[in-house]
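File shown here: structure01.pdb, holding PDB, C-alpha atoms.
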```pdb
ATOM      1  CA  MET A   1     -82.585  63.373  -8.914  1.00  0.00           C
ATOM      2  CA  SER A   2     -79.843  60.920  -9.810  1.00  0.00           C
ATOM      3  CA  SER A   3     -77.186  60.105  -7.258  1.00  0.00           C
ATOM      4  CA  SER A   4     -74.527  59.440  -9.888  1.00  0.00           C
ATOM      5  CA  PHE A   5     -71.670  61.805 -10.619  1.00  0.00           C
ATOM      6  CA  LYS A   6     -71.043  63.587 -13.915  1.00  0.00           C
ATOM      7  CA  ILE A   7     -67.736  63.436 -15.740  1.00  0.00           C
ATOM      8  CA  ASP A   8     -66.370  66.773 -16.979  1.00  0.00           C
ATOM      9  CA  LEU A   9     -63.968  66.172 -19.874  1.00  0.00           C
ATOM     10  CA  HIS A  10     -63.469  69.844 -20.711  1.00  0.00           C
ATOM     11  CA  PHE A  11     -60.335  70.548 -18.616  1.00  0.00           C
ATOM     12  CA  SER A  12     -57.927  71.683 -21.353  1.00  0.00           C
ATOM     13  CA  ILE A  13     -54.798  69.903 -20.116  1.00  0.00           C
ATOM     14  CA  PHE A  14     -56.686  66.611 -19.959  1.00  0.00           C
ATOM     15  CA  GLU A  15     -58.253  67.206 -23.388  1.00  0.00           C
ATOM     16  CA  SER A  16     -54.760  67.561 -24.912  1.00  0.00           C
ATOM     17  CA  GLU A  17     -53.471  64.424 -23.209  1.00  0.00           C
ATOM     18  CA  LEU A  18     -56.570  62.496 -24.239  1.00  0.00           C
ATOM     19  CA  LYS A  19     -56.132  63.435 -27.909  1.00  0.00           C
ATOM     20  CA  LEU A  20     -52.514  62.256 -27.872  1.00  0.00           C
ATOM     21  CA  ALA A  21     -53.394  59.042 -26.056  1.00  0.00           C
ATOM     22  CA  LEU A  22     -56.217  58.193 -28.465  1.00  0.00           C
ATOM     23  CA  LYS A  23     -53.946  58.846 -31.426  1.00  0.00           C
ATOM     24  CA  ALA A  24     -51.407  56.364 -30.048  1.00  0.00           C
ATOM     25  CA  HIS A  25     -53.971  53.840 -28.732  1.00  0.00           C
ATOM     26  CA  PRO A  26     -57.436  54.262 -30.324  1.00  0.00           C
ATOM     27  CA  THR A  27     -58.909  51.376 -28.295  1.00  0.00           C
ATOM     28  CA  LEU A  28     -58.307  53.408 -25.131  1.00  0.00           C
ATOM     29  CA  LYS A  29     -61.594  55.224 -25.815  1.00  0.00           C
ATOM     30  CA  GLN A  30     -63.627  52.144 -24.855  1.00  0.00           C
ATOM     31  CA  ASP A  31     -61.426  51.467 -21.801  1.00  0.00           C
ATOM     32  CA  LEU A  32     -61.951  55.061 -20.638  1.00  0.00           C
ATOM     33  CA  LYS A  33     -65.697  54.797 -21.164  1.00  0.00           C
ATOM     34  CA  THR A  34     -65.745  51.704 -18.949  1.00  0.00           C
ATOM     35  CA  VAL A  35     -63.771  53.510 -16.238  1.00  0.00           C
ATOM     36  CA  PHE A  36     -65.950  56.632 -16.453  1.00  0.00           C
ATOM     37  CA  ASP A  37     -69.107  54.514 -16.211  1.00  0.00           C
ATOM     38  CA  ARG A  38     -67.713  52.995 -13.026  1.00  0.00           C
ATOM     39  CA  LEU A  39     -66.595  56.339 -11.578  1.00  0.00           C
ATOM     40  CA  GLU A  40     -70.044  57.853 -12.083  1.00  0.00           C
ATOM     41  CA  ASN A  41     -71.304  55.471  -9.398  1.00  0.00           C
ATOM     42  CA  GLU A  42     -68.088  54.828  -7.477  1.00  0.00           C
ATOM     43  CA  PRO A  43     -66.113  58.093  -7.415  1.00  0.00           C
ATOM     44  CA  ARG A  44     -63.660  56.668  -4.863  1.00  0.00           C
ATOM     45  CA  ALA A  45     -62.833  53.654  -7.079  1.00  0.00           C
ATOM     46  CA  GLY A  46     -59.256  54.883  -7.595  1.00  0.00           C
ATOM     47  CA  ASP A  47     -56.479  55.168  -5.047  1.00  0.00           C
ATOM     48  CA  ALA A  48     -56.589  58.428  -3.081  1.00  0.00           C
ATOM     49  CA  ILE A  49     -53.580  60.712  -3.476  1.00  0.00           C
ATOM     50  CA  PRO A  50     -53.384  62.134   0.052  1.00  0.00           C
ATOM     51  CA  ARG A  51     -50.573  64.636  -0.520  1.00  0.00           C
ATOM     52  CA  VAL A  52     -52.604  66.689  -2.999  1.00  0.00           C
ATOM     53  CA  GLY A  53     -55.601  68.931  -2.418  1.00  0.00           C
ATOM     54  CA  ALA A  54     -58.347  68.409   0.094  1.00  0.00           C
ATOM     55  CA  ALA A  55     -58.205  65.011   1.735  1.00  0.00           C
ATOM     56  CA  GLY A  56     -59.868  62.415  -0.445  1.00  0.00           C
ATOM     57  CA  SER A  57     -60.536  64.610  -3.469  1.00  0.00           C
ATOM     58  CA  VAL A  58     -57.783  63.489  -5.896  1.00  0.00           C
ATOM     59  CA  PHE A  59     -57.506  59.882  -7.044  1.00  0.00           C
ATOM     60  CA  LYS A  60     -55.498  57.719  -9.445  1.00  0.00           C
ATOM     61  CA  ILE A  61     -56.846  54.737 -11.347  1.00  0.00           C
ATOM     62  CA  ARG A  62     -55.092  52.343 -13.712  1.00  0.00           C
ATOM     63  CA  LEU A  63     -56.287  51.662 -17.254  1.00  0.00           C
ATOM     64  CA  GLY A  64     -55.228  48.895 -19.547  1.00  0.00           C
ATOM     65  CA  VAL A  65     -55.134  49.158 -23.321  1.00  0.00           C
ATOM     66  CA  LYS A  66     -57.301  46.358 -24.670  1.00  0.00           C
ATOM     67  CA  GLY A  67     -55.209  43.718 -26.400  1.00  0.00           C
ATOM     68  CA  LEU A  68     -51.904  45.535 -25.835  1.00  0.00           C
ATOM     69  CA  PHE A  69     -51.214  46.341 -22.192  1.00  0.00           C
ATOM     70  CA  GLY A  70     -52.718  45.300 -18.896  1.00  0.00           C
ATOM     71  CA  LYS A  71     -53.502  47.821 -16.190  1.00  0.00           C
ATOM     72  CA  ARG A  72     -49.980  47.577 -14.797  1.00  0.00           C
ATOM     73  CA  GLY A  73     -48.340  48.739 -18.042  1.00  0.00           C
ATOM     74  CA  GLY A  74     -51.114  50.928 -19.448  1.00  0.00           C
ATOM     75  CA  TYR A  75     -52.332  54.398 -18.586  1.00  0.00           C
ATOM     76  CA  ARG A  76     -52.866  56.278 -15.351  1.00  0.00           C
ATOM     77  CA  LEU A  77     -55.816  58.590 -14.910  1.00  0.00           C
ATOM     78  CA  LEU A  78     -55.690  61.182 -12.151  1.00  0.00           C
ATOM     79  CA  TYR A  79     -59.010  62.765 -11.350  1.00  0.00           C
ATOM     80  CA  HIS A  80     -60.539  65.267  -8.963  1.00  0.00           C
ATOM     81  CA  VAL A  81     -63.892  64.636  -7.277  1.00  0.00           C
ATOM     82  CA  ASP A  82     -66.073  67.566  -6.293  1.00  0.00           C
ATOM     83  CA  PHE A  83     -68.415  65.801  -3.879  1.00  0.00           C
ATOM     84  CA  ASP A  84     -70.596  68.894  -3.369  1.00  0.00           C
ATOM     85  CA  ARG A  85     -71.327  69.348  -7.085  1.00  0.00           C
ATOM     86  CA  LYS A  86     -71.114  65.602  -7.870  1.00  0.00           C
ATOM     87  CA  VAL A  87     -68.603  66.231 -10.664  1.00  0.00           C
ATOM     88  CA  ILE A  88     -65.472  64.272 -11.551  1.00  0.00           C
ATOM     89  CA  THR A  89     -62.822  66.138 -13.535  1.00  0.00           C
ATOM     90  CA  PRO A  90     -59.907  64.199 -15.047  1.00  0.00           C
ATOM     91  CA  VAL A  91     -56.680  65.997 -14.158  1.00  0.00           C
ATOM     92  CA  ALA A  92     -54.051  63.932 -16.001  1.00  0.00           C
ATOM     93  CA  LEU A  93     -53.765  60.966 -18.341  1.00  0.00           C
ATOM     94  CA  TYR A  94     -50.352  59.478 -18.903  1.00  0.00           C
ATOM     95  CA  PHE A  95     -48.822  56.294 -20.306  1.00  0.00           C
ATOM     96  CA  LYS A  96     -46.939  54.355 -17.646  1.00  0.00           C
ATOM     97  CA  LYS A  97     -44.180  53.277 -20.047  1.00  0.00           C
ATOM     98  CA  ASP A  98     -43.451  56.913 -20.983  1.00  0.00           C
ATOM     99  CA  THR A  99     -43.953  58.442 -17.524  1.00  0.00           C
ATOM    100  CA  PRO A 100     -43.496  55.951 -14.673  1.00  0.00           C
ATOM    101  CA  ASN A 101     -44.820  58.437 -12.097  1.00  0.00           C
ATOM    102  CA  LEU A 102     -46.048  61.988 -12.359  1.00  0.00           C
ATOM    103  CA  PRO A 103     -43.836  64.078 -10.023  1.00  0.00           C
ATOM    104  CA  ASP A 104     -45.579  65.505  -6.958  1.00  0.00           C
ATOM    105  CA  HIS A 105     -45.035  69.109  -8.054  1.00  0.00           C
ATOM    106  CA  VAL A 106     -46.779  68.381 -11.383  1.00  0.00           C
ATOM    107  CA  VAL A 107     -49.725  66.745  -9.614  1.00  0.00           C
ATOM    108  CA  VAL A 108     -49.995  69.770  -7.314  1.00  0.00           C
ATOM    109  CA  GLN A 109     -49.850  72.142 -10.323  1.00  0.00           C
ATOM    110  CA  ARG A 110     -52.623  70.169 -12.008  1.00  0.00           C
ATOM    111  CA  PHE A 111     -54.718  70.252  -8.845  1.00  0.00           C
ATOM    112  CA  VAL A 112     -54.321  74.034  -8.608  1.00  0.00           C
ATOM    113  CA  ALA A 113     -55.246  74.408 -12.299  1.00  0.00           C
ATOM    114  CA  VAL A 114     -58.305  72.169 -12.019  1.00  0.00           C
ATOM    115  CA  THR A 115     -59.446  73.990  -8.878  1.00  0.00           C
ATOM    116  CA  LYS A 116     -59.268  77.280 -10.803  1.00  0.00           C
ATOM    117  CA  TYR A 117     -61.103  75.699 -13.747  1.00  0.00           C
ATOM    118  CA  ILE A 118     -63.871  74.447 -11.424  1.00  0.00           C
ATOM    119  CA  SER A 119     -64.241  77.837  -9.746  1.00  0.00           C
ATOM    120  CA  GLU A 120     -64.733  79.425 -13.175  1.00  0.00           C
ATOM    121  CA  SER A 121     -67.371  76.857 -14.268  1.00  0.00           C
ATOM    122  CA  PRO A 122     -69.857  76.598 -11.410  1.00  0.00           C
ATOM    123  CA  GLU A 123     -72.475  74.544 -13.246  1.00  0.00           C
ATOM    124  CA  ALA A 124     -72.152  70.770 -13.378  1.00  0.00           C
ATOM    125  CA  PRO A 125     -71.452  69.933 -17.034  1.00  0.00           C
ATOM    126  CA  ASP A 126     -73.036  67.256 -19.152  1.00  0.00           C
ATOM    127  CA  ARG A 127     -70.753  64.318 -19.738  1.00  0.00           C
ATOM    128  CA  LYS A 128     -68.796  64.613 -22.943  1.00  0.00           C
ATOM    129  CA  SER A 129     -67.751  61.430 -24.740  1.00  0.00           C
TER     130      SER A 129
END
```

Before we go any further, please render this structure as structure tokens.
Amino acid sequence: MSSSFKIDLHFSIFESELKLALKAHPTLKQDLKTVFDRLENEPRAGDAIPRVGAAGSVFKIRLGVKGLFGKRGGYRLLYHVDFDRKVITPVALYFKKDTPNLPDHVVVQRFVAVTKYISESPEAPDRKS
């Protein structure tokens, strides 16, 4: 049995944000793949967001846009880690220049929504690319 985590890209809010982001920056797909490959083996690679959810279950990681923006000016990916099921679910994807910081209440709302989503889908999904 593999010790790596699976990435669940089916959370509807994230799917919508991903479509918009890829429309604006098509090269982001490869940058996300690189980050997801890393997260599968290092789920704590991002910075923990302690004020949301169970301690150490929600993280934020920076993404650059190849050839356009470095990590500082690129995207932010918030993700939830279910350590029991070994599943990582992206919660939010936003462009730093458009949204400097996601407000705490929005992060909490996303966490609540992703927790509900997880409770309704008990099986660990296959990674979707």

_I'd like to see the residues matched by the PyMOL selection byres ((chain A and resi 33-47) around 8) on this file, and ideally I'd get them as a PyMOL selection string._
chain A and resi 3-7+29-32+48-49+59-63+81+88+129

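Across the structure, CA of Glu15 in chain A and CA of Pro90 in chain A are spaced 9.0 Å apart.
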
Around range 28-36 of chain A, fit a box with edges along x, y and z, padding it by 6 Å on each side, then list its centre and edge lengths in Å to one decimal as AutoDock Vina command-line options.
```
--center_x -62.1 --center_y 54.0 --center_z -21.0 --size_x 19.6 --size_y 17.2 --size_z 21.6
```

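Here CA of Val106 in chain A and CA of His80 in chain A stand 14.3 Å from one another.
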
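Here CA of Phe83 in chain A stands at a distance of 14.5 Å from CA of Val114 in chain A.
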
Tell me which protein, DNA and RNA residues are within 12 Å of Thr99 in chain A, counting only C-alpha atoms, leaving out same-chain ones fewer than 3 positions away, and put them as a PyMOL selection string.
chain A and resi 73-76+92-96+102-103

Which residues would end up in the selection if the PyMOL selection byres ((chain A and resi 110) around 12) were applied here, given that I need the answer as a ChimeraX atom specification? /A:11-14,52-53,58,78-80,89-93,102-109,111-117

*Which residues come within 8 Å of Leu28 in chain A, counting all atoms listed in the file, excluding same-chain residues fewer than 6 positions away, as a ChimeraX atom specification?*
/A:21-22,64-66
